[in-house]
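Q: Here it is, the structure in full.
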Amino acid sequence: MRVEIDPSWWASGTWEGRPIREFLERRDVTAIFRFLHARGVSYASIGGLVGISPNRAAEIAKNIRQVTAYEVLDRVAEGLGIPRAVMGLGYETGAVVPAAPVEPESFSGGLAALRVQLDEALAASSVTAYQLEMIEEATHDHVRGYLSTAPSVVLKQVTAECAEVLALSRRRQPAAVQARLSGAAALLATLSADALMRLGDATNARLWYRTAAAASDDSGQSRLRVLVRAHAAMLPYYFGDPQQTITLAEHALAMSTTPCPLTALAAAARARALARTGAAEQARIAMRQARQLFDQVEGADNNAAFEFPARRLLFYLSGTAAWAGDRTTAYQLQEEALELYRANTTPSIDPALILMDRSMCLTQEHRAGEAAAVAREAVGCLPEPQRTEIVLSRARDIVAAVPTGQRHGPVLELDEYLRECGRHAPLP
C-alpha cells in the first residue's frame with residue numbers, strides 16, 4: 001500500500017537529530033530520500049513521485065548517485081510536495097505579487113511584504129554553496145592534473161564539468177554566484193582549448209579560447225582575463241601566424257595592471273614570436289623584459305596547468321634564442337631548462353618541445369643526422385597518448401628543413417617513424 005507524504009514533515013520533521021529543513025535548504029536529496037524511506041515510503045513510491053526508477057531512487061538514498069541538475073531538483077520538490085522556496089527553487093508556478101490596490105492604512109504592510117518577496121527573489125539561486133564549491137574544486141583538480149594527462153582524456157573529463165556549469169549558468173544567479181561560475185567556465189574552456197591545440201585542432205581550439213575570453217570577462221577577474229589571452233597567444237605561434245601571437249601577447253600585457261607570472265608568460269611568448277618573424281633585436285629586448293617581469297614576481301613552482309615556473313621561462317627563452325640565430329645561448333638555455341624538467345617528476349610535453357628547438361638548431365648547423373636523432377628522441381620519450389600533432393608537426397618540420405638530397409640514414413628513419421606515429425596519434 002502506498003504511503004502518503006504528510007506535508008507537515010517538511011516543516012517539523014527531523015533527520016539524524018536535525019531539522020529536515022536544513023537538508024532541504026542544502027538540497028541534500030540523499031537525506032530527503034532516506035528521511036522518507038525511514039517513514040515507510042518505498043523507493044518505488046519515491047521514484048514514481050519524482051519520475052525516476054526505483055533503482056535510481058535507492059542509489060541516491062545510498063549516496064551512490066548525486067542529484068545536482070536543476071530539472072531533477074525541480075521534480076523532487078514538485079513530486080514530494082516540498083515548498084520550492086525552501087529548496088531555493090523560487091516560487092510555485094503562478095505565484096505572483098498581488099496587484100490589487102492597497103488601502104492606505106495597510107500600505108506599509110503591503111510594501112513590507114513586497115520587499116520581503118523581492119529580497120527572496122534576488123536571493124533565490126539554483127546553485128547551493130556546496131555545489132559551487134564542488135564545481136570550483138573539480139575545476140582546480142583538472143588544472144592541477146592537466147600537464148600529466150593526455151589531451152584526449154582531458155577533453156572527456158572537462159566535458160562533464162562544462163555541461164554542469166552551462167546548465168546552472170542558463171538560470172538566473174546572483175551576481176557573485178554567476179561571477180564564480182564564469183570563472184570556472186573560463187578555466188575549463190582554456191583547458192579544452194589547450195588540449196585541442198595539442199591535438200592539432202586549431203579551428204576548435206580558437207573557438208574555445210574565444211569562449212574562455214568571454215567567460216573571463218564575465219567573471220570580473222583581471223587575472224583570469226590575462227591568463228586566457230596569454231595562453232591563447234600560443235595557438236597562432238604553433239600554427240603558422242607568429243604575428244598574431246605578438247598581437248595577443250601585447251593585449252595580455254596591456255590588460256595586466258601589476259606584474260605577475262602571467263605577464264612574464266605573455267612577455268616570453270611575445271619574445272618567441274618576434275624571433276620567429278625575424279625581428280632578432282626586438283626579440284632580445286623582449287627576452288630581457290620577460291626576465292625582468294619574472295624576477296619581480298614569485299612564480300609558483302608546481303605542476304598546475306597555468307603556472308609559469310622558471311623551467312617554463314627557460315623553455316620559452318631558449319626557443320627565442322634559437323629562432324634569433326643565437327645558437328650558443330639557445331643550447332645553454334635548453335640544457336638549463338631540461339635539467340629543471342628532469343628534477344621534476346611530473347610528465348610534460350615541454351622537454352620534447354625543447355628538444356625540437358635543439359634539433360632545429362642542429363639542422364641550421366647542417367648536422368642533419370644529429371638533428372634527426374634528437375627529434376626522434378623527443379617523440380620517443382613521450383607516452384603514446386602524448387604523441388600529439390603539436391609534437392609530430394614540429395618533428396616533420398625538421399625533416400622538411402633538410403634538403404631533399406641529404407635526406408638519408410637517420411633523416412629517412414625519422415620520417416618513417418613519424419608516419420607510423422601519425423597512424424596511431426590520438427584524434428581530437
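Every chain in the C-alpha cells has a letter given in the order shown (A, B, ...), and although residue numbers restart at 1 in each chain, ligands are simply numbered from 1 in the order shown.
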As a list in words, please: the residues near Met87 in chain A (cut-off 9 Å, only C-alpha atoms, same-chain neighbours under 2 positions excluded).
A: Arg21, Phe23, Leu24, Glu25, Arg26, Arg27, Leu73, Ala77, Ile82, Pro83, Arg84, Ala85, Leu89, Gly90 and Ser126 of chain A
Q: A:Glu413, A:Met234, A:Thr149, A:Arg270: which is nearest Ala249 in chain A, counting only C-alpha atoms?
A: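 Ranked by minimum distance to Ala249 in chain A, first place goes to A:Arg270.
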Q: I'd like the interatomic distance between CA of Leu188 in chain A and CA of Ala273 in chain A, to a tenth of an Å.
A: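 Straight-line distance from CA of Leu188 in chain A to CA of Ala273 in chain A works out to 25.9 Å.
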Q: Which residues are near range 129-141 of chain A? Cut-off 12 Å, only C-alpha atoms, ignore same chain within fewer than 5 positions. Put them as JSON, numbers by chain.
A: {"A": [23, 25, 26, 27, 28, 66, 67, 68, 69, 70, 88, 146, 147, 149, 154, 157, 158, 159, 160, 161, 162, 163, 164, 165, 166, 168, 169, 173, 174, 176, 177, 178, 179, 180, 181, 182, 183, 184, 185, 186, 187, 188, 189, 190, 191, 192, 303, 304, 305, 306]}
Q: Contacts of Phe315 in chain A at 8 Å or less, counting only C-alpha atoms, minus same-chain residues fewer than 6 places along, as JSON, numbers by chain?
A: {"A": [333, 334, 337, 350, 354]}
Q: Env of Glu336 in chain A: 10 Å cut, atoms = only C-alpha atoms, seq-sep filter 2 positions within chain, self excluded. Answer as a PyMOL selection string.
A: chain A and resi 310-311+314-315+318+330-334+338-341
Q: Between A:Pro236, A:Ile60, A:Thr329, A:Arg288, which residue has the minimum interatomic distance to Gly200 in chain A, considering only C-alpha atoms?
A: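 Closest residue, counting only C-alpha atoms: A:Pro236.
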Q: Write out as a short mmCIF file (atom, residue, chain, number, x, y, z; two decimals) with C-alpha atoms, in the first residue's frame which residues come within 10 Å of Glu250 in chain A when counting only C-alpha atoms, dropping same-chain ones fewer than 2 positions away.
A:
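Generated file (selection_28.cif):
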```
data_model
loop_
_atom_site.label_atom_id
_atom_site.label_comp_id
_atom_site.auth_asym_id
_atom_site.auth_seq_id
_atom_site.Cartn_x
_atom_site.Cartn_y
_atom_site.Cartn_z
CA ARG A 229 44.87 35.92 -23.53
CA ALA A 230 48.41 34.87 -22.62
CA ALA A 233 48.67 33.69 -27.85
CA GLN A 244 49.07 37.17 -34.28
CA THR A 245 50.90 35.80 -31.24
CA ILE A 246 52.65 39.15 -30.85
CA THR A 247 49.31 40.98 -31.01
CA LEU A 248 47.62 38.71 -28.45
CA ALA A 252 47.56 40.46 -22.41
CA LEU A 253 50.40 42.71 -21.24
CA ALA A 254 48.23 45.81 -21.66
CA MET A 255 45.44 44.26 -19.58
CA THR A 263 52.65 38.91 -17.56
CA ALA A 266 52.93 36.97 -22.14
CA ALA A 267 56.28 38.75 -22.49
CA ALA A 269 55.50 34.43 -25.71
CA ARG A 270 55.96 37.77 -27.43
#
```
Q: Per DSSP on the backbone, what are the helix (DSSP H, G or I) residues of range 142-283 of chain A, as number ranges by chain?
A: A: 142-148, 151-169, 175-198, 202-219, 222-232, 234-238, 242-255, 261-276, 280-283
Q: With C-alpha atoms retained, export the selected residues as an mmCIF file, in the first residue's frame.
A:
```cif
data_model
loop_
_atom_site.group_PDB
_atom_site.id
_atom_site.type_symbol
_atom_site.label_atom_id
_atom_site.label_comp_id
_atom_site.auth_asym_id
_atom_site.auth_seq_id
_atom_site.Cartn_x
_atom_site.Cartn_y
_atom_site.Cartn_z
ATOM 1 C CA HIS A 142 41.626 19.383 -13.665
ATOM 2 C CA VAL A 143 44.062 22.306 -13.702
ATOM 3 C CA ARG A 144 46.447 20.539 -11.310
ATOM 4 C CA GLY A 145 46.419 17.290 -13.270
ATOM 5 C CA TYR A 146 46.416 18.738 -16.764
ATOM 6 C CA LEU A 147 50.109 18.610 -17.624
ATOM 7 C CA SER A 148 50.406 14.902 -16.882
ATOM 8 C CA PRO A 151 44.719 15.787 -24.023
ATOM 9 C CA SER A 152 42.066 13.357 -25.288
ATOM 10 C CA VAL A 153 41.435 12.284 -21.686
ATOM 11 C CA VAL A 154 41.318 15.925 -20.539
ATOM 12 C CA LEU A 155 38.566 16.686 -23.034
ATOM 13 C CA LYS A 156 36.443 13.800 -21.765
ATOM 14 C CA GLN A 157 36.945 14.846 -18.141
ATOM 15 C CA VAL A 158 36.214 18.522 -18.709
ATOM 16 C CA THR A 159 33.071 17.888 -20.755
ATOM 17 C CA ALA A 160 31.005 16.848 -17.718
ATOM 18 C CA GLU A 161 32.078 19.907 -15.714
ATOM 19 C CA CYS A 162 31.315 22.237 -18.637
ATOM 20 C CA ALA A 163 27.852 20.731 -19.031
ATOM 21 C CA GLU A 164 27.018 21.365 -15.378
ATOM 22 C CA VAL A 165 28.315 24.942 -15.461
ATOM 23 C CA LEU A 166 26.284 25.517 -18.639
ATOM 24 C CA ALA A 167 23.060 24.222 -17.088
ATOM 25 C CA LEU A 168 23.488 26.365 -13.986
ATOM 26 C CA SER A 169 24.529 29.482 -15.914
ATOM 27 C CA ALA A 175 25.920 38.321 -9.491
ATOM 28 C CA ALA A 176 28.505 36.893 -7.071
ATOM 29 C CA VAL A 177 27.473 33.314 -7.907
ATOM 30 C CA GLN A 178 27.481 33.978 -11.657
ATOM 31 C CA ALA A 179 30.956 35.527 -11.421
ATOM 32 C CA ARG A 180 32.286 32.361 -9.785
ATOM 33 C CA LEU A 181 30.564 30.150 -12.355
ATOM 34 C CA SER A 182 32.077 32.260 -15.139
ATOM 35 C CA GLY A 183 35.495 31.941 -13.522
ATOM 36 C CA ALA A 184 35.182 28.153 -13.533
ATOM 37 C CA ALA A 185 33.936 28.268 -17.134
ATOM 38 C CA ALA A 186 36.962 30.352 -18.175
ATOM 39 C CA LEU A 187 39.405 27.812 -16.732
ATOM 40 C CA LEU A 188 37.544 24.806 -18.172
ATOM 41 C CA ALA A 189 37.327 26.430 -21.608
ATOM 42 C CA THR A 190 41.041 27.278 -21.556
ATOM 43 C CA LEU A 191 41.898 23.679 -20.662
ATOM 44 C CA SER A 192 39.705 22.477 -23.539
ATOM 45 C CA ALA A 193 41.309 24.936 -25.958
ATOM 46 C CA ASP A 194 44.831 23.958 -24.953
ATOM 47 C CA ALA A 195 44.029 20.229 -25.219
ATOM 48 C CA LEU A 196 42.591 20.772 -28.704
ATOM 49 C CA MET A 197 45.685 22.769 -29.664
ATOM 50 C CA ARG A 198 47.916 19.885 -28.566
ATOM 51 C CA ALA A 202 43.403 24.696 -34.325
ATOM 52 C CA THR A 203 39.921 25.688 -35.504
ATOM 53 C CA ASN A 204 38.069 24.386 -32.463
ATOM 54 C CA ALA A 205 40.882 25.467 -30.137
ATOM 55 C CA ARG A 206 40.420 29.040 -31.383
ATOM 56 C CA LEU A 207 36.671 28.876 -30.728
ATOM 57 C CA TRP A 208 37.215 27.560 -27.191
ATOM 58 C CA TYR A 209 39.728 30.327 -26.481
ATOM 59 C CA ARG A 210 37.078 32.801 -27.627
ATOM 60 C CA THR A 211 34.597 31.250 -25.177
ATOM 61 C CA ALA A 212 37.221 31.366 -22.429
ATOM 62 C CA ALA A 213 37.826 35.056 -23.093
ATOM 63 C CA ALA A 214 34.105 35.842 -22.849
ATOM 64 C CA ALA A 215 33.790 33.859 -19.612
ATOM 65 C CA SER A 216 36.849 35.545 -18.094
ATOM 66 C CA ASP A 217 35.421 38.972 -18.939
ATOM 67 C CA ASP A 218 32.126 37.990 -17.290
ATOM 68 C CA SER A 219 33.964 36.816 -14.159
ATOM 69 C CA SER A 222 41.548 40.654 -14.218
ATOM 70 C CA ARG A 223 43.972 37.790 -13.580
ATOM 71 C CA LEU A 224 41.725 35.374 -15.478
ATOM 72 C CA ARG A 225 41.421 37.796 -18.397
ATOM 73 C CA VAL A 226 45.218 37.972 -18.675
ATOM 74 C CA LEU A 227 45.552 34.194 -18.232
ATOM 75 C CA VAL A 228 43.247 33.410 -21.145
ATOM 76 C CA ARG A 229 44.873 35.921 -23.527
ATOM 77 C CA ALA A 230 48.415 34.874 -22.624
ATOM 78 C CA HIS A 231 47.689 31.196 -23.291
ATOM 79 C CA ALA A 232 45.621 31.905 -26.406
ATOM 80 C CA MET A 234 50.448 30.353 -28.267
ATOM 81 C CA LEU A 235 47.865 28.911 -30.671
ATOM 82 C CA PRO A 236 48.923 31.007 -33.695
ATOM 83 C CA TYR A 237 52.582 30.514 -32.707
ATOM 84 C CA TYR A 238 52.309 26.768 -33.240
ATOM 85 C CA PRO A 242 53.554 34.411 -35.053
ATOM 86 C CA GLN A 243 52.473 37.968 -35.824
ATOM 87 C CA GLN A 244 49.068 37.168 -34.277
ATOM 88 C CA THR A 245 50.899 35.795 -31.241
ATOM 89 C CA ILE A 246 52.645 39.152 -30.846
ATOM 90 C CA THR A 247 49.306 40.978 -31.013
ATOM 91 C CA LEU A 248 47.619 38.709 -28.455
ATOM 92 C CA ALA A 249 50.608 38.783 -26.104
ATOM 93 C CA GLU A 250 50.728 42.581 -26.216
ATOM 94 C CA HIS A 251 46.990 42.649 -25.487
ATOM 95 C CA ALA A 252 47.560 40.464 -22.409
ATOM 96 C CA LEU A 253 50.398 42.706 -21.242
ATOM 97 C CA ALA A 254 48.234 45.814 -21.658
ATOM 98 C CA MET A 255 45.443 44.256 -19.578
ATOM 99 C CA PRO A 261 53.710 35.244 -13.587
ATOM 100 C CA LEU A 262 51.131 35.625 -16.367
ATOM 101 C CA THR A 263 52.646 38.909 -17.561
ATOM 102 C CA ALA A 264 56.043 37.197 -17.661
ATOM 103 C CA LEU A 265 54.436 34.434 -19.730
ATOM 104 C CA ALA A 266 52.926 36.973 -22.140
ATOM 105 C CA ALA A 267 56.281 38.755 -22.494
ATOM 106 C CA ALA A 268 58.102 35.462 -23.112
ATOM 107 C CA ALA A 269 55.504 34.430 -25.711
ATOM 108 C CA ARG A 270 55.963 37.772 -27.433
ATOM 109 C CA ALA A 271 59.746 37.276 -27.468
ATOM 110 C CA ARG A 272 59.455 33.840 -29.092
ATOM 111 C CA ALA A 273 57.077 35.142 -31.739
ATOM 112 C CA LEU A 274 59.272 38.139 -32.539
ATOM 113 C CA ALA A 275 62.196 35.781 -33.114
ATOM 114 C CA ARG A 276 60.048 33.632 -35.420
ATOM 115 C CA ALA A 280 66.025 39.300 -33.732
ATOM 116 C CA GLU A 281 66.953 42.533 -31.954
ATOM 117 C CA GLN A 282 63.379 43.169 -30.804
ATOM 118 C CA ALA A 283 63.239 39.564 -29.618
#
```
Q: How far is it from CA of Arg312 in chain A to CA of Arg367 in chain A, in Å with one decimal?
A: 26.7 Å
Q: Could you tell me how far CA of Phe33 in chain A sits from CA of Ala57 in chain A, in Å to one decimal place?
A: 7.5 Å
Q: Excluding same-chain residues fewer than 3 positions from Gln296 in chain A, what lies within 7 Å of it counting only C-alpha atoms, as a list of chain:residue names?
A: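 Counting only C-alpha atoms, the residues come to A:Pro259, A:Gln292, A:Leu293.
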